2 protein chains.
Amino acid sequence: MSKRLKDVGESAVLRLARKIFTKSKIVVTGIGDDAAVLSIGGKFFAMTTDMFVGKTSIPQIATPEQIGKKAVVINFSDLAAVGARPIALLFSIAMPADFELSSVERIMRSMEKEARRYGACVVGGDVDEGEDITIAGFAFGIVEGKILARDRARPGELVGVTGELGSAAAGLDVIRRKLEEKRFEPLIRAQLEPEARCVEGIILGKCKGVTSAIDISDGFAYNLWQIAEESGIGITVEKEKLPICSLVKEYSKSIGKDPYDFALFGGEDYELLFTIKPSSLSELERKFKRANRKFTIVGKTVRGRGVWISEEGKVKRLPKIGFEHFRHNSQNL
Amino acid sequence: MSKRLKDVGESAVLRLARKIFTKSKIVVTGIGDDAAVLSIGGKFFAMTTDMFVGKTSIPQIATPEQIGKKAVVINFSDLAAVGARPIALLFSIAMPADFELSSVERIMRSMEKEARRYGACVVGGDVDEGEDITIAGFAFGIVEGKILARDRARPGELVGVTGELGSAAAGLDVIRRKLEEKRFEPLIRAQLEPEARCVEGIILGKCKGVTSAIDISDGFAYNLWQIAEESGIGITVEKEKLPICSLVKEYSKSIGKDPYDFALFGGEDYELLFTIKPSSLSELERKFKRANRKFTIVGKTVRGRGVWISEEGKVKRLPKIGFEHFRHNSQNL
C-alpha cells in the first residue's frame, strides 16, 4: 500500500521536492531555504510562498485584520531570512460562499496596511471558492547585501537570535486554555500579530561576518537543527542566555509549565536565528543599536554534527522537536 | 446583515481589491490585469498567482500529472497574457493527511516537467494540511517586448485570438455527462491538460501594433467584455469567423447543443485574445507563421461601449456571461 502523508510527515514531502525540482543557472538559492533567490541582470531577487488553512492554522478568535496581517508577515519573514527587502506581495485566497464580504474587506485592508508598513505593496491576487478559508501569500523582494542561507555556518562562529523567544507559542497556549486575561494579551498578540524581522535581515545581510540565517517558524530547537544539518556542523547553546520574554516566564509559572518549552519547541516567533564570525560581532552590535533593534548571542558553532544545550555546565543533546504538518504530535524525528 | 460572497460574486471582491490596494512607483500594471508588472533596474518583471481548490475546480477523473500540469499552465497563461517569458514558479499546496505520498510525487514531477517545457523552473513551495487538495501557484517572468494589458485597445483595430475555441468547455461537458468515448478524448485532454500560449504572448508583445491582450480563462464572451470595458471601447465579432475546434462541432451535434455555447461562454481555453492595429497585421502573420503558431482575426474594435456579435449580417449584443466564483449559475451580469 502506498504511504500516506500522515505516515511520513511534511519532511518527506520536502525531501521529495528537493529531489524532483532541479535548479537552473539563474537560481542561486532553490528549494529548501526560506526563500528562493534568483540572479537577474546583476540583482538578486528573492521570492517565497507561505500558505495557511483556516481550520488547521488560524485560531478561531483571530480577527480578519489579524488573519490579513499574519498572511503578510509569514511571507515577509521568509524574505527577511535571506536578507531581502520586501517589494511586492500577491495572494490567492479561497473562501466559502457564505463568507461575509465585509470580512474579506477587512482582511484585504489589513494586508494593504501591513505590506505598506514594510515598504512593499500588494500587486495581485486570485479569489476562489473553497470550504475553508485558505490564504497563500507570495512575496517578492530584493536582496540588498549578501544572500543569507542556512547552509553556510562553519565551526568557530557565534550563534545569535533577534528579539525574544517563546511569546507566540505561549500566546497559542493562552488561547487554547481560554485564559484570556488582560495581562496575557501581549502573548496572544504575539501569536496572532507577529512581526517580520525585515530590518534585522537586511542588517544581517550587510554585515560581512554573518554566515547563515533562518527564521524561527518551526521552533527554535528545530531551526537550530536545520542550520546545523544543512551546514554540516554542530551547535551548542547556553540555556541561561536564551532571551525569553518575561511575560512568558510569568505565564509559565502561573500554569506550572517550563518557559523553555515555549521558547525552544513552540515556534512561530518569526525571529531570525543566525551565525556570525566573532570578529564581526562589534560591527553587528553597532548596526543593530543604530537601528534600535535587539539580538542576543546564545551559543556557538562547533565541529561535529548535532545541537546541544548547556545548563549550569551540564551539556545535553537538544531534541529535534518542532512543528511538522501531517504529524499531529511533535516528536523527535 | 452583512452581504455574503454568494450574494455579490467574485467580481465584487475584485472591485474591492482595486479600491483597497494602491500602486507604488515601480508597479506598472497592478491589481486587475492577468499579471502584475514591476519595473526594476530597466527590466519589466511579471508576477501572478492562480489557485485551484479540489472539490470546486478539479474533475475527479484528473490524474495527479494533470493536476500538476494545470497548476503550472494556468499561471504561465497569465504571464503569456502580459507578454512575459516564464522564469520561475513557486507553489503552495494543501492536502489531507491521508493523501498518498506517491500522488504528491506525481504532481510534483509533472510540475517540474511542465515548468521545464516552458523554459522555467520550480524554485520554491510550501506544504500545508487541509481538508481538500488546494494548489496556489505563483509565476514569475520577464517581459521581453512591451507590456500587454487589457485597457489599451482603441477603436479602429482588429480583434484576434490564438488557437481554437471551445475544446476545454466541451471537454468538461464530456466529463460531466460521462461520455468518455475514445473520439472525444482530445476534448477531455483540452480540459485537463491545457497549454499556456507563452510563445504567442511574447510574439504579441514584440509586435508594435498589438495594443491589448487577455487570456481566455473565464470564457471568450466575458473576456471580450473585459477588454471592451477596461479600454472604454466597443467590440464587434463575426460569429462565422470564430475558430471553433471541429471536434467541438462534432461533439455538440452528437448531444444536440450549439457549439458556439462552448466557444463563447465556456472558458478555460487559455488562448490569447488581443487587439492589433490593421497596419501591423501582416507583420504578426509573418511572425506567427515563422513560429508555427495560429491566430484568427474575428472582429474589430469600434467606438461606443459593449460587445456585439454579427451573424449573417444581423448584429446583436453578446451577453456578458462567464464563469464567476461564488455565483453558481452563469448569468448576465
# chains A, B, ... in the order shown; residues from 1 in each chain; ligands from 1
call {"tool": "closest_atom_pairs", "arguments": {"of": "chain A", "to": "chain B", "cutoff": "8 Å", "atoms": "only C-alpha atoms", "output": "CSV"}}
result
residue,atom,partner,partner_atom,distance
A:Ser2,CA,B:Glu100,CA,6.3
A:Lys3,CA,B:Leu101,CA,5.7
A:Arg4,CA,B:Glu100,CA,4.2
A:Leu5,CA,B:Ala97,CA,5.2
A:Lys6,CA,B:Ala97,CA,4.9
A:Glu10,CA,B:Val127,CA,7.0
A:Val13,CA,B:Leu101,CA,7.4
A:Leu16,CA,B:Glu105,CA,6.9
A:Ala17,CA,B:Met108,CA,7.1
A:Ile20,CA,B:Arg109,CA,6.2
A:Phe21,CA,B:Glu112,CA,5.9
A:Thr22,CA,B:Cys121,CA,7.3
A:Lys23,CA,B:Cys121,CA,6.8
A:Ser24,CA,B:Cys121,CA,6.8
A:Val27,CA,B:Val123,CA,7.5
A:Gly30,CA,B:Val123,CA,5.0
A:Ile31,CA,B:Gly124,CA,5.0
A:Gly32,CA,B:Gly124,CA,7.5
A:Ala35,CA,B:Gly124,CA,7.0
A:Ala36,CA,B:Val123,CA,5.9
A:Met47,CA,B:Gly124,CA,7.9
A:Thr48,CA,B:Gly124,CA,6.4
A:Thr49,CA,B:Gly125,CA,6.0
A:Asp50,CA,B:Asp126,CA,5.6
A:Met51,CA,B:Ser92,CA,6.0
A:Phe52,CA,B:Asp128,CA,6.9
A:Val53,CA,B:Gly130,CA,6.1
A:Lys55,CA,B:Gly130,CA,7.8
A:Thr56,CA,B:Glu129,CA,7.0
A:Leu90,CA,B:Thr49,CA,6.7
A:Phe91,CA,B:Thr49,CA,6.7
A:Ser92,CA,B:Met51,CA,6.0
A:Ile93,CA,B:Met51,CA,7.8
A:Ala94,CA,B:Val53,CA,7.7
A:Pro96,CA,B:Leu5,CA,7.9
A:Ala97,CA,B:Lys6,CA,4.9
A:Asp98,CA,B:Arg4,CA,5.2
A:Phe99,CA,B:Arg4,CA,5.4
A:Glu100,CA,B:Arg4,CA,4.2
A:Leu101,CA,B:Arg4,CA,5.3
A:Ser102,CA,B:Ser2,CA,6.7
A:Val104,CA,B:Val13,CA,7.6
A:Glu105,CA,B:Leu16,CA,6.9
A:Met108,CA,B:Ile20,CA,7.1
A:Arg109,CA,B:Ile20,CA,6.2
A:Glu112,CA,B:Phe21,CA,5.9
A:Cys121,CA,B:Ser24,CA,6.8
A:Val122,CA,B:Phe21,CA,6.1
A:Val123,CA,B:Gly30,CA,5.0
A:Gly124,CA,B:Ile31,CA,5.0
A:Gly125,CA,B:Thr49,CA,6.0
A:Asp126,CA,B:Asp50,CA,5.6
A:Val127,CA,B:Glu10,CA,7.0
A:Asp128,CA,B:His325,CA,6.1
A:Glu129,CA,B:His325,CA,6.1
A:Gly130,CA,B:Val53,CA,6.1
A:Ala136,CA,B:Ala136,CA,6.4
A:Phe138,CA,B:Phe138,CA,6.8
A:His325,CA,B:Glu129,CA,6.1
A:Phe326,CA,B:Ala97,CA,5.3
call {"tool": "calpha_fit_and_write", "arguments": {"fixed": "chain B", "moving": "chain A", "output": "CSV table (one decimal) with C-alpha atoms, in the first residue's frame"}}
result
chain,number,residue,atom,x,y,z
A,1,MET,CA,-27.0,42.0,7.7
A,2,SER,CA,-23.6,41.9,6.0
A,3,LYS,CA,-23.5,40.7,2.4
A,4,ARG,CA,-22.1,37.3,1.8
A,5,LEU,CA,-19.9,36.3,-1.2
A,6,LYS,CA,-22.7,34.2,-2.7
A,7,ASP,CA,-24.8,37.3,-2.9
A,8,VAL,CA,-22.3,39.5,-4.6
A,9,GLY,CA,-20.0,37.2,-6.5
A,10,GLU,CA,-16.3,37.3,-7.2
A,11,SER,CA,-16.4,40.5,-9.2
A,12,ALA,CA,-17.4,42.4,-6.0
A,13,VAL,CA,-14.2,41.1,-4.3
A,14,LEU,CA,-12.2,42.2,-7.3
A,15,ARG,CA,-13.7,45.7,-7.2
A,16,LEU,CA,-12.9,45.9,-3.5
A,17,ALA,CA,-9.3,44.8,-4.2
A,18,ARG,CA,-8.9,47.5,-6.8
A,19,LYS,CA,-10.1,50.1,-4.3
A,20,ILE,CA,-8.0,48.9,-1.4
A,21,PHE,CA,-4.7,48.0,-2.9
A,22,THR,CA,-2.8,51.1,-4.1
A,23,LYS,CA,0.1,51.0,-6.5
A,24,SER,CA,3.7,52.2,-5.8
A,25,LYS,CA,6.0,53.8,-8.3
A,26,ILE,CA,7.7,50.7,-9.5
A,27,VAL,CA,4.3,48.9,-10.3
A,28,VAL,CA,3.5,49.4,-14.0
A,29,THR,CA,0.5,47.0,-14.0
A,30,GLY,CA,-1.3,46.3,-10.7
A,31,ILE,CA,-4.4,44.7,-9.5
A,32,GLY,CA,-6.9,43.9,-12.2
A,33,ASP,CA,-4.8,42.6,-15.1
A,34,ASP,CA,-3.7,39.0,-15.7
A,35,ALA,CA,-0.4,39.6,-14.1
A,36,ALA,CA,1.3,42.4,-12.2
A,37,VAL,CA,4.3,44.0,-13.9
A,38,LEU,CA,7.0,45.8,-11.9
A,39,SER,CA,9.8,48.0,-13.4
A,40,ILE,CA,13.1,47.3,-11.7
A,41,GLY,CA,16.5,48.3,-12.9
A,42,GLY,CA,15.3,48.8,-16.5
A,43,LYS,CA,13.6,45.4,-16.7
A,44,PHE,CA,10.0,44.5,-16.5
A,45,PHE,CA,9.1,41.6,-14.2
A,46,ALA,CA,5.7,40.0,-14.3
A,47,MET,CA,4.2,38.1,-11.5
A,48,THR,CA,0.9,36.4,-10.9
A,49,THR,CA,-0.9,33.9,-8.7
A,50,ASP,CA,-3.7,31.4,-9.6
A,51,MET,CA,-5.2,28.9,-7.2
A,52,PHE,CA,-7.5,26.0,-7.5
A,53,VAL,CA,-9.4,24.0,-4.9
A,54,GLY,CA,-10.0,20.3,-5.4
A,55,LYS,CA,-13.8,19.9,-5.0
A,56,THR,CA,-14.8,23.0,-6.9
A,57,SER,CA,-12.2,23.0,-9.6
A,58,ILE,CA,-10.6,19.6,-10.4
A,59,PRO,CA,-12.7,17.0,-12.2
A,60,GLN,CA,-12.5,13.7,-10.3
A,61,ILE,CA,-11.0,11.9,-13.2
A,62,ALA,CA,-8.0,14.2,-13.3
A,63,THR,CA,-4.7,12.3,-12.7
A,64,PRO,CA,-2.0,13.7,-10.4
A,65,GLU,CA,0.0,14.5,-13.6
A,66,GLN,CA,-2.9,16.5,-15.0
A,67,ILE,CA,-3.4,18.4,-11.7
A,68,GLY,CA,0.3,19.3,-11.6
A,69,LYS,CA,0.3,20.4,-15.2
A,70,LYS,CA,-2.8,22.5,-14.9
A,71,ALA,CA,-1.4,24.3,-11.8
A,72,VAL,CA,1.6,25.4,-13.9
A,73,VAL,CA,-0.3,26.3,-17.1
A,74,ILE,CA,-3.0,28.5,-15.6
A,75,ASN,CA,-0.2,30.6,-14.0
A,76,PHE,CA,2.0,30.7,-17.1
A,77,SER,CA,-1.1,31.7,-19.2
A,78,ASP,CA,-1.3,34.8,-17.1
A,79,LEU,CA,2.3,35.6,-17.9
A,80,ALA,CA,1.6,35.0,-21.6
A,81,ALA,CA,-1.2,37.5,-21.5
A,82,VAL,CA,1.1,40.3,-20.5
A,83,GLY,CA,3.8,39.2,-22.9
A,84,ALA,CA,6.2,37.7,-20.3
A,85,ARG,CA,8.5,34.7,-20.6
A,86,PRO,CA,8.2,32.4,-17.6
A,87,ILE,CA,11.3,32.2,-15.4
A,88,ALA,CA,10.3,30.7,-12.1
A,89,LEU,CA,7.4,29.0,-10.4
A,90,LEU,CA,6.5,28.6,-6.7
A,91,PHE,CA,3.5,26.8,-5.3
A,92,SER,CA,1.7,26.3,-2.0
A,93,ILE,CA,-0.1,23.1,-1.7
A,94,ALA,CA,-2.6,21.9,1.0
A,95,MET,CA,-3.6,18.3,1.2
A,96,PRO,CA,-5.5,16.0,3.6
A,97,ALA,CA,-3.3,13.9,5.9
A,98,ASP,CA,-4.4,10.7,4.2
A,99,PHE,CA,-3.3,11.9,0.8
A,100,GLU,CA,-0.9,9.4,-0.8
A,101,LEU,CA,2.8,10.4,-0.9
A,102,SER,CA,3.0,8.8,-4.4
A,103,SER,CA,0.3,11.2,-5.7
A,104,VAL,CA,2.2,14.1,-4.3
A,105,GLU,CA,5.3,12.9,-6.1
A,106,ARG,CA,3.4,12.5,-9.3
A,107,ILE,CA,2.0,16.1,-9.0
A,108,MET,CA,5.5,17.5,-8.3
A,109,ARG,CA,7.1,15.6,-11.2
A,110,SER,CA,4.5,16.9,-13.5
A,111,MET,CA,5.1,20.4,-12.3
A,112,GLU,CA,8.8,20.1,-12.9
A,113,LYS,CA,8.4,18.7,-16.4
A,114,GLU,CA,5.8,21.3,-17.3
A,115,ALA,CA,7.8,24.2,-16.0
A,116,ARG,CA,10.9,23.0,-17.9
A,117,ARG,CA,8.8,22.7,-21.1
A,118,TYR,CA,8.2,26.5,-20.9
A,119,GLY,CA,11.9,27.1,-20.1
A,120,ALA,CA,11.2,27.9,-16.4
A,121,CYS,CA,11.8,26.0,-13.2
A,122,VAL,CA,10.2,25.4,-9.8
A,123,VAL,CA,12.1,27.4,-7.2
A,124,GLY,CA,10.0,27.1,-4.0
A,125,GLY,CA,7.0,25.9,-2.3
A,126,ASP,CA,5.1,25.4,0.9
A,127,VAL,CA,3.2,22.3,2.1
A,128,ASP,CA,0.2,22.5,4.5
A,129,GLU,CA,-2.5,20.3,5.8
A,130,GLY,CA,-6.1,21.0,4.6
A,131,GLU,CA,-9.3,19.0,4.1
A,132,ASP,CA,-9.3,19.4,0.3
A,133,ILE,CA,-6.4,19.5,-2.1
A,134,THR,CA,-5.6,23.1,-2.9
A,135,ILE,CA,-2.8,24.4,-5.1
A,136,ALA,CA,-1.8,28.0,-5.3
A,137,GLY,CA,0.8,28.7,-8.0
A,138,PHE,CA,2.9,31.8,-8.3
A,139,ALA,CA,4.7,32.5,-11.6
A,140,PHE,CA,7.4,35.0,-12.2
A,141,GLY,CA,8.6,36.1,-15.6
A,142,ILE,CA,10.3,38.8,-17.7
A,143,VAL,CA,8.5,40.9,-20.2
A,144,GLU,CA,10.6,40.8,-23.4
A,145,GLY,CA,8.8,43.2,-25.7
A,146,LYS,CA,6.2,45.7,-24.5
A,147,ILE,CA,3.8,45.0,-21.6
A,148,LEU,CA,0.5,43.8,-22.8
A,149,ALA,CA,-2.6,44.9,-20.9
A,150,ARG,CA,-6.4,44.8,-21.1
A,151,ASP,CA,-7.1,48.5,-21.2
A,152,ARG,CA,-5.2,49.8,-24.2
A,153,ALA,CA,-7.4,48.8,-27.2
A,154,ARG,CA,-8.7,51.8,-29.3
A,155,PRO,CA,-11.4,52.0,-31.9
A,156,GLY,CA,-10.4,51.0,-35.4
A,157,GLU,CA,-8.3,48.0,-34.5
A,158,LEU,CA,-8.7,44.3,-35.3
A,159,VAL,CA,-9.6,41.6,-32.7
A,160,GLY,CA,-7.7,38.4,-32.9
A,161,VAL,CA,-7.5,35.1,-31.0
A,162,THR,CA,-4.8,32.4,-30.9
A,163,GLY,CA,-5.6,28.7,-31.5
A,164,GLU,CA,-9.1,27.4,-31.4
A,165,LEU,CA,-12.1,27.9,-29.1
A,166,GLY,CA,-14.5,25.6,-27.2
A,167,SER,CA,-12.5,22.5,-26.6
A,168,ALA,CA,-11.9,22.9,-22.9
A,169,ALA,CA,-15.6,23.6,-22.1
A,170,ALA,CA,-16.7,20.8,-24.4
A,171,GLY,CA,-14.2,18.5,-22.6
A,172,LEU,CA,-15.7,19.4,-19.2
A,173,ASP,CA,-19.2,18.6,-20.6
A,174,VAL,CA,-17.9,15.2,-21.8
A,175,ILE,CA,-16.6,14.5,-18.3
A,176,ARG,CA,-19.8,15.6,-16.6
A,177,ARG,CA,-22.0,13.5,-18.9
A,178,LYS,CA,-19.6,10.6,-18.6
A,179,LEU,CA,-19.4,10.3,-22.4
A,180,GLU,CA,-15.9,9.2,-22.3
A,181,GLU,CA,-15.7,7.8,-25.8
A,182,LYS,CA,-12.3,7.5,-27.4
A,183,ARG,CA,-13.1,10.0,-30.2
A,184,PHE,CA,-13.8,12.8,-27.6
A,185,GLU,CA,-10.6,12.2,-25.7
A,186,PRO,CA,-8.9,15.2,-27.2
A,187,LEU,CA,-11.6,17.4,-25.7
A,188,ILE,CA,-11.1,15.9,-22.2
A,189,ARG,CA,-7.4,16.5,-22.6
A,190,ALA,CA,-8.0,20.1,-23.6
A,191,GLN,CA,-9.9,20.5,-20.3
A,192,LEU,CA,-7.4,18.6,-18.1
A,193,GLU,CA,-4.2,19.5,-19.9
A,194,PRO,CA,-4.4,23.0,-21.4
A,195,GLU,CA,-1.4,24.8,-22.9
A,196,ALA,CA,-0.2,28.3,-22.0
A,197,ARG,CA,0.3,30.5,-25.1
A,198,CYS,CA,3.7,31.8,-23.9
A,199,VAL,CA,5.4,31.8,-27.3
A,200,GLU,CA,2.3,33.6,-28.8
A,201,GLY,CA,2.3,36.1,-25.9
A,202,ILE,CA,5.9,37.0,-26.4
A,203,ILE,CA,5.4,37.5,-30.2
A,204,LEU,CA,2.3,39.7,-29.5
A,205,GLY,CA,4.4,41.7,-27.1
A,206,LYS,CA,7.1,42.2,-29.7
A,207,CYS,CA,4.7,43.3,-32.4
A,208,LYS,CA,4.4,47.0,-32.2
A,209,GLY,CA,0.8,47.3,-33.4
A,210,VAL,CA,-0.6,44.9,-30.8
A,211,THR,CA,-2.5,47.1,-28.3
A,212,SER,CA,-4.1,44.8,-25.7
A,213,ALA,CA,-4.3,41.2,-24.7
A,214,ILE,CA,-6.0,38.9,-22.2
A,215,ASP,CA,-6.1,35.1,-21.7
A,216,ILE,CA,-9.3,33.3,-22.2
A,217,SER,CA,-9.9,31.7,-18.8
A,218,ASP,CA,-13.4,33.0,-17.9
A,219,GLY,CA,-15.0,32.5,-21.3
A,220,PHE,CA,-14.4,34.2,-24.7
A,221,ALA,CA,-17.5,36.5,-24.4
A,222,TYR,CA,-16.6,37.5,-20.8
A,223,ASN,CA,-13.0,38.3,-21.8
A,224,LEU,CA,-14.2,40.3,-24.8
A,225,TRP,CA,-16.3,42.4,-22.4
A,226,GLN,CA,-13.3,42.8,-20.1
A,227,ILE,CA,-11.2,44.2,-23.0
A,228,ALA,CA,-14.1,46.5,-24.1
A,229,GLU,CA,-14.9,47.8,-20.6
A,230,GLU,CA,-11.3,48.3,-19.5
A,231,SER,CA,-10.4,50.1,-22.7
A,232,GLY,CA,-13.6,52.0,-22.9
A,233,ILE,CA,-14.5,50.9,-26.4
A,234,GLY,CA,-16.9,48.6,-28.3
A,235,ILE,CA,-16.1,45.3,-30.0
A,236,THR,CA,-17.9,43.5,-32.7
A,237,VAL,CA,-17.1,39.9,-33.6
A,238,GLU,CA,-18.3,37.9,-36.6
A,239,LYS,CA,-19.7,34.6,-35.5
A,240,GLU,CA,-18.7,32.8,-38.7
A,241,LYS,CA,-15.1,33.7,-38.1
A,242,LEU,CA,-14.8,32.2,-34.7
A,243,PRO,CA,-12.2,29.4,-34.9
A,244,ILE,CA,-14.2,26.6,-33.3
A,245,CYS,CA,-12.4,23.3,-33.0
A,246,SER,CA,-14.0,20.8,-35.4
A,247,LEU,CA,-14.3,18.1,-32.7
A,248,VAL,CA,-16.3,20.6,-30.6
A,249,LYS,CA,-18.7,20.8,-33.6
A,250,GLU,CA,-18.9,17.1,-33.9
A,251,TYR,CA,-19.5,16.6,-30.2
A,252,SER,CA,-22.1,19.4,-30.0
A,253,LYS,CA,-24.0,17.8,-32.8
A,254,SER,CA,-24.0,14.4,-31.0
A,255,ILE,CA,-25.5,15.9,-27.9
A,256,GLY,CA,-27.8,18.4,-29.7
A,257,LYS,CA,-26.1,21.5,-28.4
A,258,ASP,CA,-24.9,24.7,-30.1
A,259,PRO,CA,-21.1,24.6,-30.4
A,260,TYR,CA,-21.0,28.4,-30.0
A,261,ASP,CA,-22.1,28.0,-26.4
A,262,PHE,CA,-18.9,26.2,-25.7
A,263,ALA,CA,-16.8,28.6,-27.7
A,264,LEU,CA,-18.3,31.8,-26.4
A,265,PHE,CA,-19.3,31.1,-22.8
A,266,GLY,CA,-17.4,28.0,-21.8
A,267,GLY,CA,-14.0,29.3,-20.8
A,268,GLU,CA,-10.7,27.7,-19.8
A,269,ASP,CA,-9.3,27.6,-23.4
A,270,TYR,CA,-6.3,29.6,-22.2
A,271,GLU,CA,-5.9,31.0,-25.7
A,272,LEU,CA,-5.0,34.7,-26.0
A,273,LEU,CA,-7.4,37.3,-27.1
A,274,PHE,CA,-5.8,40.5,-28.5
A,275,THR,CA,-6.3,43.7,-30.4
A,276,ILE,CA,-4.0,44.9,-33.2
A,277,LYS,CA,-3.7,47.9,-35.5
A,278,PRO,CA,-4.6,46.9,-39.1
A,279,SER,CA,-1.2,48.2,-40.3
A,280,SER,CA,0.6,45.6,-38.2
A,281,LEU,CA,-1.4,42.6,-39.3
A,282,SER,CA,1.0,41.3,-41.9
A,283,GLU,CA,3.9,41.6,-39.5
A,284,LEU,CA,2.1,39.5,-37.0
A,285,GLU,CA,1.1,36.9,-39.6
A,286,ARG,CA,4.7,36.6,-40.6
A,287,LYS,CA,5.9,36.2,-37.0
A,288,PHE,CA,3.2,33.6,-36.1
A,289,LYS,CA,3.9,31.6,-39.3
A,290,ARG,CA,7.6,31.5,-38.6
A,291,ALA,CA,6.9,30.2,-35.1
A,292,ASN,CA,4.3,27.7,-36.5
A,293,ARG,CA,1.5,29.2,-34.4
A,294,LYS,CA,-2.0,30.1,-35.3
A,295,PHE,CA,-4.3,33.1,-34.8
A,296,THR,CA,-7.6,34.2,-36.4
A,297,ILE,CA,-9.0,37.7,-36.8
A,298,VAL,CA,-12.6,37.5,-35.5
A,299,GLY,CA,-13.7,41.1,-35.4
A,300,LYS,CA,-12.9,44.7,-34.8
A,301,THR,CA,-12.9,47.5,-32.2
A,302,VAL,CA,-15.4,50.3,-32.6
A,303,ARG,CA,-16.5,53.5,-30.8
A,304,GLY,CA,-19.1,53.0,-28.1
A,305,ARG,CA,-19.4,50.6,-25.2
A,306,GLY,CA,-20.3,47.0,-25.4
A,307,VAL,CA,-19.7,43.8,-27.3
A,308,TRP,CA,-21.8,42.7,-30.3
A,309,ILE,CA,-21.8,39.6,-32.4
A,310,SER,CA,-22.9,39.5,-36.1
A,311,GLU,CA,-24.4,36.5,-37.9
A,312,GLU,CA,-25.4,36.7,-41.5
A,313,GLY,CA,-25.4,40.4,-41.4
A,314,LYS,CA,-27.6,40.6,-38.2
A,315,VAL,CA,-25.9,42.2,-35.2
A,316,LYS,CA,-26.9,41.5,-31.6
A,317,ARG,CA,-25.4,42.2,-28.2
A,318,LEU,CA,-23.2,39.5,-26.9
A,319,PRO,CA,-24.2,38.7,-23.3
A,320,LYS,CA,-21.5,39.1,-20.7
A,321,ILE,CA,-21.7,35.6,-19.4
A,322,GLY,CA,-18.8,33.8,-18.0
A,323,PHE,CA,-17.6,31.8,-15.0
A,324,GLU,CA,-17.6,33.6,-11.7
A,325,HIS,CA,-16.7,32.1,-8.4
A,326,PHE,CA,-19.4,32.1,-5.6
A,327,ARG,CA,-22.2,32.7,-8.1
A,328,HIS,CA,-23.2,29.2,-9.1
A,329,ASN,CA,-25.2,29.9,-12.2
A,330,SER,CA,-23.6,31.8,-15.0
A,331,GLN,CA,-25.6,34.9,-15.6
A,332,ASN,CA,-25.7,38.1,-17.4
A,333,LEU,CA,-24.0,40.5,-15.0
call {"tool": "select_by_dssp", "arguments": {"residues": "range 74-164 of chain A", "states": "strand (DSSP E or B)", "output": "ChimeraX atom specification"}}
result
/A:84-95,100,121-129,134-143,158-162
call {"tool": "select_by_dssp", "arguments": {"residues": "range 186-266 of chain B", "states": "helix (DSSP H, G or I)", "output": "PyMOL selection string"}}
result
chain B and resi 186-192+198-206+220-231+239-241+246-255+259-265
